[in-house]
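Inspection log for the structure reproduced underneath, given as structure tokens.
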Amino acid sequence: MRKTISILLAVLMLASLGSTALAAEPGEYPAIGITMADPEAMKDCQGTVVTAPYGPIAFGPEVYYMPIFYFAMPEDEYNEFLTRDSGELTEEEILYIQRSQTALGEILVTNGTIEEMCAALGFEGDPNAVGLTEFGKADGFTFYYVMSDVEDYREAIGDEFAEDYVKVQEILKDQLGKATLYAPVDANAEQVGQVIHFETADLDGNAVTSEELFAGNEITMINYWGTWCHACVGEMKELSEIHTRLQEKGCGIVGILEDGDTDEKLALARQIMEENGTNYPNVLPSDDMTFLADVSSFPTSFFVDKEGRILCYPLSGAALDEYEATVDRLLEGETVSGITMPDAGANNEGVYRVIVKDRQGDMIQGVTIQFCDDTTCNIGKTDADGVASFDLPEGTEYIVHVLKVPEGYEKDSGEYHTLNVYSDVVIVLGAA
């Protein structure tokens, strides 16, 4: 079975896909430097194609990324699910959505060689064996695609959709060969240094301005979250602990609730905050929060100074081990890229793997991992390669926790999630 560089975003719930930034216009993907020749080419397929132009995922060399998903359901059915909150979905509907989701392929764009790109992404195998196909060059960048194997999904989606899946892949390859290519546009880089200002309200309707929220902090972390986002809710208790420590350094956290547009959602948000002991202010989005326009994953966290000046790239995804460290580095005047890798990606190993490394990229042996489904938890330890493997059935989103770390490393209290196919979860530990 072909190996690929697979760093797919852990976007398992349809609600989070519905909030993923799609093309600026149909077929336009400035975040990866591609404009499709015929953006309607895949509209006649039986299933639904969803693109997620994630943008930059590495520097030195630069690497830009877009996964492409295929849902084995008609587009009108997919769109109907998108109109509903995740809490409204039945267990059967959630399982149906998870079975329907497949990885169609990935696009990777770099200004380095294929060997340099693979090294930047932590891939240690033969770069020529990862299944990448070059489909063009422009402005010093090389464009690659890698297509997933339909046989990984045939049993879940059935022969009819599997046939359509292959047809869509061929159309996609043809479109990429005809696409207009250019240097990717890094919206985050353009934001760094900008001063943001907004007027909004807190969750109780009280007026508040950005000046009031930022002026008392040397650095403020702005955490953009939603009640539908499992990763967002899962880190909130720890965020309160981080906020307490940051206050001792003259810093703090401010939350922005993405989906507080109804009384019911506001009530749910307040309940979530109460259950997690949230001790930092939360406000609602407003039209003048233009810095949120290019957010492509949840949660996303920005870092600003007293004046509201954006100091670095935002951190994408739940990054509990990076938040406080980023503030510390900014306080010390360091330049921070702020780019984090997605923590889950599909593999072709026939097992689920948890990979643990330090911030220098060295693998860590002897980390105790808890690996759970809804009924059972399994325990494993990372080997000399920093890998703990779990030979369990596909089709389930497993939950991963670090139980114990070797001496010299900080305990990671985050909650991680696998894909619903065999996948790797990457965890990065800081030094104690």
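Identifiers in this document derive from the order of the structure tokens: chains are assigned A, B, ..., residues are numbered from 1 separately in each chain, and ligands are numbered from 1 in order of occurrence.
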
Residue neighbourhood range 179-190 of chain A, 10 Å, only C-alpha atoms, exclusion window fewer than 5 positions, as a PyMOL selection string: chain A and resi 27-39+55-56+62-65+109-111+135-143+173-174+291+293-295+310+312-314+337-339

Write a file of the just-selected residues containing N, CA and C atoms, as a short mmCIF file (atom, residue, chain, number, x, y, z; two decimals), in the first residue's frame.
data_model
loop_
_atom_site.label_atom_id
_atom_site.label_comp_id
_atom_site.auth_asym_id
_atom_site.auth_seq_id
_atom_site.Cartn_x
_atom_site.Cartn_y
_atom_site.Cartn_z
N GLY A 27 -13.19 27.90 -6.67
CA GLY A 27 -12.01 27.50 -7.41
C GLY A 27 -10.77 28.34 -7.16
N GLU A 28 -10.85 29.38 -6.31
CA GLU A 28 -9.69 30.21 -6.01
C GLU A 28 -9.14 29.86 -4.63
N TYR A 29 -7.85 29.52 -4.58
CA TYR A 29 -7.21 29.12 -3.33
C TYR A 29 -5.91 29.90 -3.15
N PRO A 30 -5.99 31.20 -2.83
CA PRO A 30 -4.77 31.98 -2.68
C PRO A 30 -3.85 31.46 -1.59
N ALA A 31 -4.39 30.77 -0.58
CA ALA A 31 -3.56 30.26 0.52
C ALA A 31 -2.57 29.20 0.05
N ILE A 32 -2.82 28.59 -1.13
CA ILE A 32 -1.85 27.64 -1.68
C ILE A 32 -1.45 28.02 -3.10
N GLY A 33 -1.91 29.17 -3.60
CA GLY A 33 -1.46 29.67 -4.89
C GLY A 33 -2.06 28.96 -6.08
N ILE A 34 -3.35 28.61 -6.03
CA ILE A 34 -3.99 27.87 -7.12
C ILE A 34 -5.34 28.48 -7.45
N THR A 35 -5.61 28.67 -8.75
CA THR A 35 -6.94 29.00 -9.25
C THR A 35 -7.31 27.93 -10.28
N MET A 36 -8.37 27.19 -9.99
CA MET A 36 -8.80 26.10 -10.86
C MET A 36 -9.30 26.65 -12.20
N ALA A 37 -9.08 25.86 -13.27
CA ALA A 37 -9.54 26.25 -14.60
C ALA A 37 -11.06 26.23 -14.68
N ASP A 38 -11.67 25.18 -14.10
CA ASP A 38 -13.12 25.03 -14.15
C ASP A 38 -13.61 24.66 -12.75
N PRO A 39 -13.96 25.65 -11.93
CA PRO A 39 -14.34 25.37 -10.54
C PRO A 39 -15.60 24.52 -10.40
N GLY A 55 -3.09 26.52 4.23
CA GLY A 55 -2.04 27.52 4.06
C GLY A 55 -0.71 27.05 4.60
N PRO A 56 0.08 27.94 5.24
CA PRO A 56 1.45 27.59 5.64
C PRO A 56 1.47 26.62 6.82
N GLU A 62 9.47 27.02 2.96
CA GLU A 62 8.05 27.25 3.14
C GLU A 62 7.28 26.06 2.57
N VAL A 63 6.25 25.62 3.29
CA VAL A 63 5.38 24.55 2.81
C VAL A 63 3.94 24.99 3.06
N TYR A 64 3.11 24.89 2.01
CA TYR A 64 1.70 25.27 2.10
C TYR A 64 0.87 24.03 1.78
N TYR A 65 -0.31 23.96 2.38
CA TYR A 65 -1.02 22.68 2.42
C TYR A 65 -2.52 22.85 2.25
N VAL A 109 2.68 22.59 -1.48
CA VAL A 109 3.38 23.58 -2.29
C VAL A 109 4.60 24.04 -1.51
N THR A 110 5.78 24.08 -2.15
CA THR A 110 6.99 24.44 -1.43
C THR A 110 7.94 25.22 -2.32
N ASN A 111 8.77 26.05 -1.70
CA ASN A 111 9.84 26.72 -2.43
C ASN A 111 11.18 26.02 -2.20
N PHE A 135 2.83 18.81 -10.37
CA PHE A 135 1.95 19.22 -11.47
C PHE A 135 2.20 20.65 -11.93
N GLY A 136 3.28 21.29 -11.44
CA GLY A 136 3.60 22.60 -11.96
C GLY A 136 4.57 23.37 -11.10
N LYS A 137 5.11 24.46 -11.66
CA LYS A 137 5.99 25.38 -10.95
C LYS A 137 5.55 26.80 -11.26
N ALA A 138 5.74 27.70 -10.30
CA ALA A 138 5.44 29.11 -10.51
C ALA A 138 6.08 29.95 -9.41
N ASP A 139 6.70 31.04 -9.79
CA ASP A 139 7.24 32.01 -8.84
C ASP A 139 8.16 31.39 -7.81
N GLY A 140 8.94 30.40 -8.22
CA GLY A 140 9.88 29.76 -7.32
C GLY A 140 9.29 28.66 -6.47
N PHE A 141 8.02 28.33 -6.65
CA PHE A 141 7.35 27.27 -5.90
C PHE A 141 7.06 26.07 -6.80
N THR A 142 7.13 24.88 -6.20
CA THR A 142 6.77 23.64 -6.88
C THR A 142 5.49 23.10 -6.26
N PHE A 143 4.58 22.62 -7.12
CA PHE A 143 3.25 22.19 -6.69
C PHE A 143 3.13 20.67 -6.85
N LYS A 173 -7.23 15.69 -10.81
CA LYS A 173 -5.90 15.68 -11.43
C LYS A 173 -5.90 16.49 -12.72
N ASP A 174 -6.94 16.34 -13.53
CA ASP A 174 -7.04 17.09 -14.77
C ASP A 174 -7.12 18.59 -14.50
N PHE A 291 -9.53 40.66 11.55
CA PHE A 291 -8.42 39.73 11.69
C PHE A 291 -8.89 38.27 11.77
N ALA A 293 -11.07 37.00 9.66
CA ALA A 293 -11.62 36.63 8.35
C ALA A 293 -10.95 35.41 7.74
N ASP A 294 -9.66 35.22 8.00
CA ASP A 294 -8.94 34.12 7.36
C ASP A 294 -8.72 32.93 8.28
N VAL A 295 -9.42 32.90 9.41
CA VAL A 295 -9.29 31.74 10.31
C VAL A 295 -9.79 30.50 9.59
N ILE A 310 -0.79 42.83 16.52
CA ILE A 310 -0.58 41.38 16.38
C ILE A 310 0.91 41.11 16.33
N CYS A 312 2.61 37.95 16.26
CA CYS A 312 3.15 36.76 15.59
C CYS A 312 2.03 36.04 14.86
N TYR A 313 2.37 35.00 14.16
CA TYR A 313 1.37 34.15 13.54
C TYR A 313 0.42 33.60 14.60
N PRO A 314 -0.84 33.39 14.24
CA PRO A 314 -1.74 32.73 15.19
C PRO A 314 -1.37 31.26 15.36
N SER A 337 7.16 32.16 15.01
CA SER A 337 6.43 31.86 13.77
C SER A 337 4.97 31.55 14.06
N GLY A 338 4.73 30.81 15.16
CA GLY A 338 3.35 30.52 15.55
C GLY A 338 2.67 29.45 14.75
N ILE A 339 3.37 28.78 13.86
CA ILE A 339 2.71 27.76 13.05
C ILE A 339 2.79 26.41 13.77
#

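When the distance limit is 7 Å and only C-alpha atoms are what count, the residues near Thr300 in chain A, minus those fewer than 2 positions from it on the same chain, are Asn223, Tyr224, Ser297, Phe298, Phe302, Pro314, Leu315, Ser316 and Gly317 of chain A.
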
Backbone DSSP call of alpha helix (DSSP H) for range 179-427 of chain A, listed as a ChimeraX atom specification: /A:187-191,210-214,230-234,236-247,263-275,320-331

Extract, using only C-alpha atoms, all DNA, RNA and protein residues at most 12 Å from Glu155 in chain A, discarding same-chain residues fewer than 4 positions from it, and format them as a ChimeraX atom specification. /A:72,99-100,102,150-151,159-162,394-395,421

Env of Ser210 in chain A: 8 Å cut, atoms = only C-alpha atoms, seq-sep filter 3 positions within chain, self excluded. Answer as a PyMOL selection string. chain A and resi 196-199+213-214+308

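CA of Asp412 in chain A to CA of Thr326 in chain A spans 15.9 Å [interatomic distance, one decimal].
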